[in-house]
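Here's the structure, in structure tokens; my notes come after.
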Amino acid sequence: MASHLESEVIDVIKALNGREGYSEFKLAEALGKDVNATRNLLYKLHNLNLASFVRKKDQKIGWYICYWTFHGERVSAFLLAEIGRRLEVLKEKQGKEAETGFFTCANRCSRLEFDNAFDFSFRCPECGELLAQDKESGAANTSLTAEVKRLEKEIKALNAPERE
Ligand SMILES: [Zn+2]
């Protein structure tokens, strides 16, 4: 799962895209996280060559603070690849749903693929009600479709020329 970045890291990338020499404390504040959690995420970016830092001693408080610089072009390309990858997964899921459909009971306590529904003799493993094909499969699955649209929009925005 090395290519998979958790959404927390994506949040850091978004907060830092285009910034130079940004204090890790300011970033932590912007993200609403504590500094240690923020640093862990920053080091992940550093390992991916997406960010570099300089350590400076703060004269007032006497601590060392890291100031981070993000490599904008690489970040955009990276984000684009990451979002594209997620979109692919979602579209695959959408296609699979459209193809085989999902099965759910009237109470909607479980949602099973055909093979699983078959294994349970089309009875809900939770409540025992009969399973029927879920009408909200594939493109009719509104939450899935909304997510696909949202990601497509993000890709479009990232591909748009830089705003002044
Ligand atoms: Zn049920």
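The chains in the structure tokens are called A, B, ... from first to last as shown; in each chain the residues are counted from 1, and the ligands are counted from 1 in the order shown.
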
What residues have any atom no more than 10 Å from ligand 1 when counting only C-alpha atoms and all ligand atoms, and can you list them as a PDB file with N, CA and C atoms, in the first residue's frame?
ATOM      1  N   THR A 104     -29.614  -6.324  -0.685  1.00  0.00           N
ATOM      2  CA  THR A 104     -29.846  -5.779   0.641  1.00  0.00           C
ATOM      3  C   THR A 104     -31.215  -6.224   1.142  1.00  0.00           C
ATOM      4  N   CYS A 105     -31.380  -6.226   2.464  1.00  0.00           N
ATOM      5  CA  CYS A 105     -32.677  -6.584   3.036  1.00  0.00           C
ATOM      6  C   CYS A 105     -33.528  -5.317   3.178  1.00  0.00           C
ATOM      7  N   ALA A 106     -34.778  -5.476   3.560  1.00  0.00           N
ATOM      8  CA  ALA A 106     -35.679  -4.331   3.686  1.00  0.00           C
ATOM      9  C   ALA A 106     -35.192  -3.367   4.772  1.00  0.00           C
ATOM     10  N   ASN A 107     -34.499  -3.901   5.756  1.00  0.00           N
ATOM     11  CA  ASN A 107     -33.996  -3.046   6.848  1.00  0.00           C
ATOM     12  C   ASN A 107     -32.641  -2.410   6.520  1.00  0.00           C
ATOM     13  N   ARG A 108     -32.076  -2.799   5.414  1.00  0.00           N
ATOM     14  CA  ARG A 108     -30.781  -2.313   4.963  1.00  0.00           C
ATOM     15  C   ARG A 108     -29.667  -2.498   5.998  1.00  0.00           C
ATOM     16  N   CYS A 109     -29.723  -3.595   6.740  1.00  0.00           N
ATOM     17  CA  CYS A 109     -28.649  -3.792   7.726  1.00  0.00           C
ATOM     18  C   CYS A 109     -27.445  -4.480   7.114  1.00  0.00           C
ATOM     19  N   SER A 110     -27.605  -5.098   5.935  1.00  0.00           N
ATOM     20  CA  SER A 110     -26.420  -5.628   5.263  1.00  0.00           C
ATOM     21  C   SER A 110     -26.530  -5.360   3.769  1.00  0.00           C
ATOM     22  N   ARG A 111     -25.383  -5.327   3.133  1.00  0.00           N
ATOM     23  CA  ARG A 111     -25.332  -5.065   1.707  1.00  0.00           C
ATOM     24  C   ARG A 111     -24.280  -6.010   1.146  1.00  0.00           C
ATOM     25  N   ARG A 123     -30.755 -14.616   2.377  1.00  0.00           N
ATOM     26  CA  ARG A 123     -31.346 -14.200   3.648  1.00  0.00           C
ATOM     27  C   ARG A 123     -30.344 -13.278   4.311  1.00  0.00           C
ATOM     28  N   CYS A 124     -30.834 -12.185   4.875  1.00  0.00           N
ATOM     29  CA  CYS A 124     -29.936 -11.242   5.542  1.00  0.00           C
ATOM     30  C   CYS A 124     -29.253 -11.924   6.728  1.00  0.00           C
ATOM     31  N   PRO A 125     -27.892 -11.893   6.776  1.00  0.00           N
ATOM     32  CA  PRO A 125     -27.202 -12.537   7.896  1.00  0.00           C
ATOM     33  C   PRO A 125     -27.468 -11.838   9.235  1.00  0.00           C
ATOM     34  N   GLU A 126     -27.967 -10.610   9.184  1.00  0.00           N
ATOM     35  CA  GLU A 126     -28.230  -9.851  10.406  1.00  0.00           C
ATOM     36  C   GLU A 126     -29.640 -10.109  10.944  1.00  0.00           C
ATOM     37  N   CYS A 127     -30.636  -9.907  10.069  1.00  0.00           N
ATOM     38  CA  CYS A 127     -32.019  -9.967  10.562  1.00  0.00           C
ATOM     39  C   CYS A 127     -32.822 -11.135   9.980  1.00  0.00           C
ATOM     40  N   GLY A 128     -32.253 -11.836   9.005  1.00  0.00           N
ATOM     41  CA  GLY A 128     -32.939 -12.995   8.464  1.00  0.00           C
ATOM     42  C   GLY A 128     -33.991 -12.697   7.402  1.00  0.00           C
ATOM     43  N   GLU A 129     -34.212 -11.410   7.113  1.00  0.00           N
ATOM     44  CA  GLU A 129     -35.173 -11.044   6.059  1.00  0.00           C
ATOM     45  C   GLU A 129     -34.614 -11.441   4.694  1.00  0.00           C
ATOM     46  N   LEU A 130     -35.524 -11.559   3.743  1.00  0.00           N
ATOM     47  CA  LEU A 130     -35.127 -11.884   2.385  1.00  0.00           C
ATOM     48  C   LEU A 130     -34.301 -10.741   1.779  1.00  0.00           C
ATOM     49  N   LEU A 131     -33.269 -11.125   1.034  1.00  0.00           N
ATOM     50  CA  LEU A 131     -32.449 -10.110   0.365  1.00  0.00           C
ATOM     51  C   LEU A 131     -32.984  -9.864  -1.043  1.00  0.00           C
TER      52      LEU A 131
END

Every residue of stretch 2-161 of chain A that DSSP places in strand (DSSP E or B), as number ranges by chain: A: 22-23, 51-57, 64-70, 102-104, 111-113, 123, 130, 132-133

Give me a file of those residues, with C-alpha atoms, as a PDB file, in the first residue's frame.
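In the end it all went to again-v7.pdb:
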ATOM      1  CA  TYR A  22       6.131  27.451   6.925  1.00  0.00           C
ATOM      2  CA  SER A  23       6.489  26.859  10.659  1.00  0.00           C
ATOM      3  CA  ALA A  51       8.797  18.466   1.281  1.00  0.00           C
ATOM      4  CA  SER A  52      12.016  19.709   2.781  1.00  0.00           C
ATOM      5  CA  PHE A  53      12.716  21.552   5.996  1.00  0.00           C
ATOM      6  CA  VAL A  54      15.258  23.688   7.772  1.00  0.00           C
ATOM      7  CA  ARG A  55      15.686  23.679  11.524  1.00  0.00           C
ATOM      8  CA  LYS A  56      16.138  27.008  13.231  1.00  0.00           C
ATOM      9  CA  LYS A  57      16.489  27.876  16.855  1.00  0.00           C
ATOM     10  CA  TYR A  64      14.345  24.364  17.453  1.00  0.00           C
ATOM     11  CA  ILE A  65      11.487  24.741  15.036  1.00  0.00           C
ATOM     12  CA  CYS A  66      11.266  23.165  11.599  1.00  0.00           C
ATOM     13  CA  TYR A  67      10.269  25.384   8.715  1.00  0.00           C
ATOM     14  CA  TRP A  68       8.839  23.454   5.852  1.00  0.00           C
ATOM     15  CA  THR A  69       8.922  24.077   2.159  1.00  0.00           C
ATOM     16  CA  PHE A  70       6.705  22.179  -0.222  1.00  0.00           C
ATOM     17  CA  PHE A 102     -25.773  -5.586  -4.636  1.00  0.00           C
ATOM     18  CA  PHE A 103     -28.285  -7.273  -2.415  1.00  0.00           C
ATOM     19  CA  THR A 104     -29.846  -5.779   0.641  1.00  0.00           C
ATOM     20  CA  ARG A 111     -25.332  -5.065   1.707  1.00  0.00           C
ATOM     21  CA  LEU A 112     -23.846  -8.064  -0.069  1.00  0.00           C
ATOM     22  CA  GLU A 113     -22.414  -8.871  -3.447  1.00  0.00           C
ATOM     23  CA  ARG A 123     -31.346 -14.200   3.648  1.00  0.00           C
ATOM     24  CA  LEU A 130     -35.127 -11.884   2.385  1.00  0.00           C
ATOM     25  CA  ALA A 132     -33.409  -8.272  -2.807  1.00  0.00           C
ATOM     26  CA  GLN A 133     -31.309  -6.517  -5.418  1.00  0.00           C
TER      27      GLN A 133
END

Backbone-only DSSP, alpha helix (DSSP H) members of stretch 8-74 of chain A, as a PyMOL selection string: chain A and resi 8-16+24-31+35-47+72-74

Atom CA of A:Lys44 to atom CA of A:Val9, straight-line distance in Å: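 Straight-line distance from atom CA of A:Val9 to atom CA of A:Lys44 works out to 7.8 Å.
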
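Atom pair atom CA of A:Phe114 / atom CA of A:Glu99 has a distance of 10.2 Å (rounded to one decimal).
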
Near-stretch 45-48 of chain A list (12 Å; only C-alpha atoms; drop same-chain fewer than 5 positions) as a list in words: Ala2, Ser3, His4, Leu5, Glu6, Glu8, Val9, Ile10, Asp11, Val12, Ile13, Lys14, Leu16, Asn17, Thr38, Arg39, Asn40, Phe53, Val54, Trp68, Thr69, Phe70, His71, Arg74, Val75, Phe78 and Leu79 of chain A

Within 8 Å of A:Ala15 using only C-alpha atoms, minus same-chain residues under 6 positions, as a list in words: Leu27, Ala30 and Leu31 of chain A

d(atom CA of A:Ala157, atom CA of A:Thr145) in Å: 18.4 Å

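Of the listed residues (A:Lys26, A:Gly21, A:Arg150, A:Gln94), A:Gln94 comes nearest to A:Glu136; the distances count only C-alpha atoms.
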
Among the residues A:Asn141, A:Ser76, A:Glu152, A:Asp115, the one that comes closest to A:Ala98 [using only C-alpha atoms]: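 Once distances to A:Ala98 are computed over only C-alpha atoms, the minimum belongs to A:Asn141.
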
Residue with smallest distance to A:Leu90 - pool A:Arg19, A:Leu144, A:Glu24, A:Val35, counting only C-alpha atoms: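 Residue with the minimum atom-to-atom distance to A:Leu90: A:Leu144.
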